[in-house]
file target_30.cif (mmCIF, C-alpha atoms)
data_work
#
loop_
_atom_site.label_atom_id
_atom_site.label_comp_id
_atom_site.auth_asym_id
_atom_site.auth_seq_id
_atom_site.Cartn_x
_atom_site.Cartn_y
_atom_site.Cartn_z
CA MET A 1 114.54 370.33 31.82
CA ALA A 2 115.43 371.88 35.17
CA HIS A 3 113.39 370.89 38.22
CA LEU A 4 111.23 373.70 39.58
CA ASN A 5 110.03 374.09 43.15
CA ARG A 6 106.85 375.95 44.10
CA LEU A 7 108.13 378.27 46.84
CA PHE A 8 107.04 381.00 49.21
CA PHE A 9 108.38 382.93 52.20
CA ALA A 10 106.14 382.83 55.28
CA LEU A 11 105.88 383.12 59.02
CA GLU A 12 105.59 379.78 60.76
CA LEU A 13 103.15 379.64 63.65
CA PRO A 14 104.21 377.87 66.82
CA LYS A 15 102.69 374.36 67.02
CA ALA A 16 100.77 375.24 70.21
CA LEU A 17 99.20 378.24 68.46
CA GLN A 18 98.31 376.12 65.41
CA GLN A 19 96.46 373.71 67.72
CA GLU A 20 94.69 376.57 69.56
CA ILE A 21 93.51 378.01 66.24
CA VAL A 22 92.26 374.60 65.08
CA ARG A 23 90.28 374.16 68.32
CA TRP A 24 88.88 377.69 68.04
CA ARG A 25 87.96 377.13 64.38
CA ALA A 26 86.12 373.90 65.30
CA THR A 27 83.96 375.76 67.84
CA HIS A 28 83.22 378.76 65.58
CA PHE A 29 82.69 377.20 62.14
CA SER A 30 80.46 374.29 61.21
CA PRO A 31 81.92 371.39 59.19
CA GLU A 32 79.87 372.65 56.21
CA ALA A 33 81.47 376.12 56.36
CA GLY A 34 84.35 375.15 54.09
CA LYS A 35 87.43 373.00 53.70
CA PRO A 36 89.69 373.51 56.76
CA VAL A 37 93.41 374.08 56.26
CA ALA A 38 95.45 371.39 58.05
CA ALA A 39 97.00 372.56 61.34
CA ALA A 40 100.54 371.97 60.05
CA ASN A 41 99.79 374.19 57.03
CA LEU A 42 98.62 377.23 59.03
CA HIS A 43 101.09 380.02 58.24
CA MET A 44 101.24 383.65 57.10
CA THR A 45 102.59 384.07 53.56
CA LEU A 46 104.96 387.01 53.16
CA ALA A 47 105.90 386.58 49.49
CA PHE A 48 104.77 383.97 46.99
CA LEU A 49 107.58 383.03 44.59
CA GLY A 50 105.89 380.53 42.28
CA GLU A 51 107.75 377.87 40.30
CA VAL A 52 111.44 378.56 40.89
CA SER A 53 114.63 376.94 39.55
CA ALA A 54 117.42 375.87 41.91
CA GLU A 55 119.55 378.82 40.70
CA LYS A 56 116.82 381.38 41.36
CA GLN A 57 116.07 379.73 44.72
CA GLN A 58 119.72 380.17 45.71
CA ALA A 59 119.71 383.83 44.65
CA LEU A 60 116.50 384.48 46.60
CA THR A 61 117.80 382.76 49.74
CA ASP A 62 121.04 384.76 49.50
CA LEU A 63 119.01 387.99 49.38
CA ALA A 64 116.73 386.87 52.22
CA GLY A 65 119.76 386.03 54.34
CA ARG A 66 120.91 389.65 54.10
CA ILE A 67 117.72 391.05 55.62
CA SER A 68 118.56 392.70 58.91
CA GLN A 69 115.36 393.51 60.71
CA PRO A 70 114.23 393.08 64.32
CA GLY A 71 111.64 390.52 65.34
CA PHE A 72 108.15 391.64 66.26
CA THR A 73 104.99 390.54 68.04
CA LEU A 74 102.13 389.37 65.86
CA ARG A 75 98.59 389.67 67.23
CA LEU A 76 95.80 387.73 65.54
CA ASP A 77 92.59 389.49 66.50
CA ASP A 78 90.48 389.70 63.36
CA ALA A 79 88.64 387.31 61.05
CA GLY A 80 87.40 387.89 57.55
CA GLN A 81 86.29 386.32 54.30
CA TRP A 82 87.11 386.95 50.68
CA PRO A 83 83.93 385.76 48.96
CA ARG A 84 85.47 385.87 45.45
CA SER A 85 88.28 383.46 46.39
CA ARG A 86 86.00 381.67 48.90
CA VAL A 87 88.56 381.95 51.72
CA ALA A 88 88.04 382.61 55.43
CA PHE A 89 91.05 383.96 57.31
CA LEU A 90 92.50 385.23 60.56
CA GLY A 91 94.27 388.55 60.48
CA SER A 92 95.50 391.45 62.51
CA ARG A 93 93.57 394.68 62.97
CA GLN A 94 96.83 396.59 63.30
CA PRO A 95 99.64 394.62 61.66
CA PRO A 96 103.02 395.40 63.22
CA ARG A 97 105.27 397.66 61.16
CA GLY A 98 107.99 395.00 61.23
CA LEU A 99 105.68 392.52 59.51
CA LEU A 100 104.74 394.99 56.78
CA GLN A 101 108.40 395.95 56.23
CA LEU A 102 109.53 392.31 56.04
CA ALA A 103 106.82 391.42 53.51
CA ALA A 104 107.63 394.52 51.44
CA LEU A 105 111.34 393.64 51.36
CA LEU A 106 110.72 390.01 50.38
CA ARG A 107 108.15 390.93 47.74
CA ALA A 108 110.47 393.57 46.24
CA GLN A 109 113.40 391.13 46.14
CA ALA A 110 111.17 388.49 44.54
CA ALA A 111 109.92 390.94 41.91
CA ARG A 112 113.48 392.07 41.08
CA SER A 113 114.43 388.41 40.72
CA GLY A 114 111.67 387.87 38.17
CA CYS A 115 109.02 386.30 40.41
CA TRP A 116 105.57 387.66 39.62
CA GLN A 117 104.05 389.55 42.54
CA SER A 118 100.39 390.41 42.91
CA PRO A 119 99.57 394.07 42.34
CA GLN A 120 97.20 393.81 45.32
CA PRO A 121 98.54 395.32 48.55
CA PHE A 122 99.91 392.88 51.10
CA HIS A 123 97.11 391.74 53.42
CA PRO A 124 98.63 389.71 56.26
CA HIS A 125 96.41 386.73 56.96
CA ILE A 126 96.28 383.05 57.89
CA THR A 127 93.93 381.01 55.72
CA LEU A 128 91.54 379.03 57.92
CA LEU A 129 89.07 377.62 55.38
CA ARG A 130 88.93 377.27 51.62
CA GLN A 131 85.85 376.76 49.44
CA THR A 132 83.69 378.70 51.89
CA ASP A 133 80.03 379.42 51.47
CA SER A 134 79.33 383.06 50.58
CA ALA A 135 76.87 383.20 53.51
CA LEU A 136 79.59 382.23 56.00
CA ARG A 137 79.02 383.74 59.44
CA LEU A 138 82.23 385.08 60.92
CA PRO A 139 82.91 384.90 64.67
CA ALA A 140 82.34 388.02 66.72
CA PRO A 141 85.45 389.95 67.78
CA GLY A 142 86.86 389.16 71.19
CA PHE A 143 89.49 386.58 70.33
CA SER A 144 93.19 387.37 70.31
CA TRP A 145 96.43 385.44 70.10
CA GLU A 146 99.93 386.85 70.27
CA CYS A 147 103.21 385.26 69.29
CA ARG A 148 106.74 386.56 69.06
CA ILE A 149 108.16 386.35 65.55
CA THR A 150 111.92 385.75 65.54
CA GLU A 151 112.35 384.22 62.08
CA PHE A 152 110.79 383.69 58.68
CA VAL A 153 110.89 380.56 56.56
CA LEU A 154 111.29 379.56 52.93
CA TYR A 155 108.72 376.84 52.17
CA ALA A 156 108.17 374.47 49.30
CA SER A 157 104.58 373.56 48.47
CA ARG A 158 104.30 369.89 47.53
CA VAL A 159 101.35 367.68 46.71
CA GLU A 160 101.73 364.23 48.27
CA GLN A 161 98.99 361.60 48.07
CA GLY A 162 96.51 364.23 46.94
CA ARG A 163 97.26 366.58 49.86
CA THR A 164 99.18 369.82 49.86
CA ARG A 165 102.10 369.88 52.32
CA TYR A 166 104.29 372.85 53.12
CA GLN A 167 107.87 371.81 53.73
CA PRO A 168 110.25 374.25 55.46
CA LEU A 169 113.46 374.48 53.44
CA GLN A 170 115.39 377.24 55.17
CA ARG A 171 114.96 379.52 58.19
CA PHE A 172 116.11 383.12 58.46
CA ALA A 173 116.57 384.70 61.87
CA LEU A 174 115.39 388.21 62.59
CA LYS A 175 117.54 390.42 64.80
CA LYS A 176 116.97 390.42 68.52
CA GLU A 177 115.72 393.75 69.77
CA LEU A 178 118.08 395.78 71.91
#

call {"tool": "encode", "arguments": {"input": "target_30.cif", "output": "structure tokens"}}
result
Amino acid sequence: MAHLNRLFFALELPKALQQEIVRWRATHFSPEAGKPVAAANLHMTLAFLGEVSAEKQQALTDLAGRISQPGFTLRLDDAGQWPRSRVAFLGSRQPPRGLLQLAALLRAQAARSGCWQSPQPFHPHITLLRQTDSALRLPAPGFSWECRITEFVLYASRVEQGRTRYQPLQRFALKKEL
């Protein structure tokens, strides 16, 4: 039987921003609020691919490598909660068009390659906490981080010693703006 990898395309956050978010989360959410996502796992998923064979992985990376789109600036200035999935997240009040286009391209390529894609519209977010309490109090607006996005990454999700780790497998550069 062929080995399958659990894969997704995502935006990697700079390490300094990951640490800033972790510090901010610690001051705005109590330890009982939910299970915090590890700093190294903070990312923004663009397209979830699921369990993928090596052949399909190669086809998807070939397609991703052909994407020719300029980089963009991502601003994280919103927080929310999905009570049904018990997730608290950071998001963007006005996601940049480049982000929405990149996610749409990757999701369409994944769907054409046979990877199931959620019928829900893309909602750009960074998961902060899992298993949240439905009465979670979200921080008041007034926070904002910006980072320049110049690439996207193919990740493998692996469980090691009972912990989920996201391993970058391949990076794809976005075009520099003129």

call {"tool": "closest_residue", "arguments": {"input": "target_30.cif", "among": "A:Leu74, A:Ala79, A:Met44, A:Leu60", "to": "A:Leu138", "atoms": "all atoms listed in the file"}}
result
A:Ala79

call {"tool": "closest_residue", "arguments": {"input": "target_30.cif", "among": "A:Gln18, A:Leu11, A:Ala26, A:Cys115", "to": "A:Ile149", "atoms": "all atoms listed in the file"}}
result
A:Leu11

call {"tool": "atom_distance", "arguments": {"input": "target_30.cif", "atom1": "atom CA of A:Asp78", "atom2": "atom CA of A:Arg158"}}
result
28.9 Å

call {"tool": "resolve_selection", "arguments": {"input": "target_30.cif", "expression": "the PyMOL selection byres ((chain A and resi 83) around 8)", "output": "compact mmCIF listing (two decimals) with C-alpha atoms, in the coordinates of the input"}}
result
# COMPACT_ATOMS: atom_id res chain seq x y z
CA GLN A 81 86.29 386.32 54.30
CA TRP A 82 87.11 386.95 50.68
CA ARG A 84 85.47 385.87 45.45
CA SER A 85 88.28 383.46 46.39
CA ARG A 86 86.00 381.67 48.90
CA VAL A 87 88.56 381.95 51.72
CA THR A 132 83.69 378.70 51.89
CA ASP A 133 80.03 379.42 51.47
CA SER A 134 79.33 383.06 50.58

call {"tool": "closest_residue", "arguments": {"input": "target_30.cif", "among": "A:Arg25, A:Lys176, A:Arg66, A:His43", "to": "A:Leu105", "atoms": "all atoms listed in the file"}}
result
A:Arg66

call {"tool": "residues_near_point", "arguments": {"input": "target_30.cif", "point": "(100.4, 377.0, 68.9)", "cutoff": "12 Å", "atoms": "only C-alpha atoms", "output": "VMD selection string"}}
result
chain A and resid 12 to 24 39 to 40 42 to 43 145 to 148

call {"tool": "closest_residue", "arguments": {"input": "target_30.cif", "among": "A:Pro95, A:Gly114, A:Gly80, A:Pro31", "to": "A:Gln57", "atoms": "all atoms listed in the file"}}
result
A:Gly114

call {"tool": "closest_residue", "arguments": {"input": "target_30.cif", "among": "A:Ala111, A:Leu174, A:Val159, A:Ala38", "to": "A:Asn5", "atoms": "all atoms listed in the file"}}
result
A:Val159

call {"tool": "resolve_selection", "arguments": {"input": "target_30.cif", "expression": "the PyMOL selection byres ((chain A and resi 46) around 9)", "output": "PyMOL selection string"}}
result
chain A and resi 8-11+44-45+47-48+99-100+102-104+106-107+122+124+152

call {"tool": "closest_residue", "arguments": {"input": "target_30.cif", "among": "A:Arg171, A:Gly50, A:Lys56, A:Ala33", "to": "A:Trp116", "atoms": "only C-alpha atoms"}}
result
A:Gly50
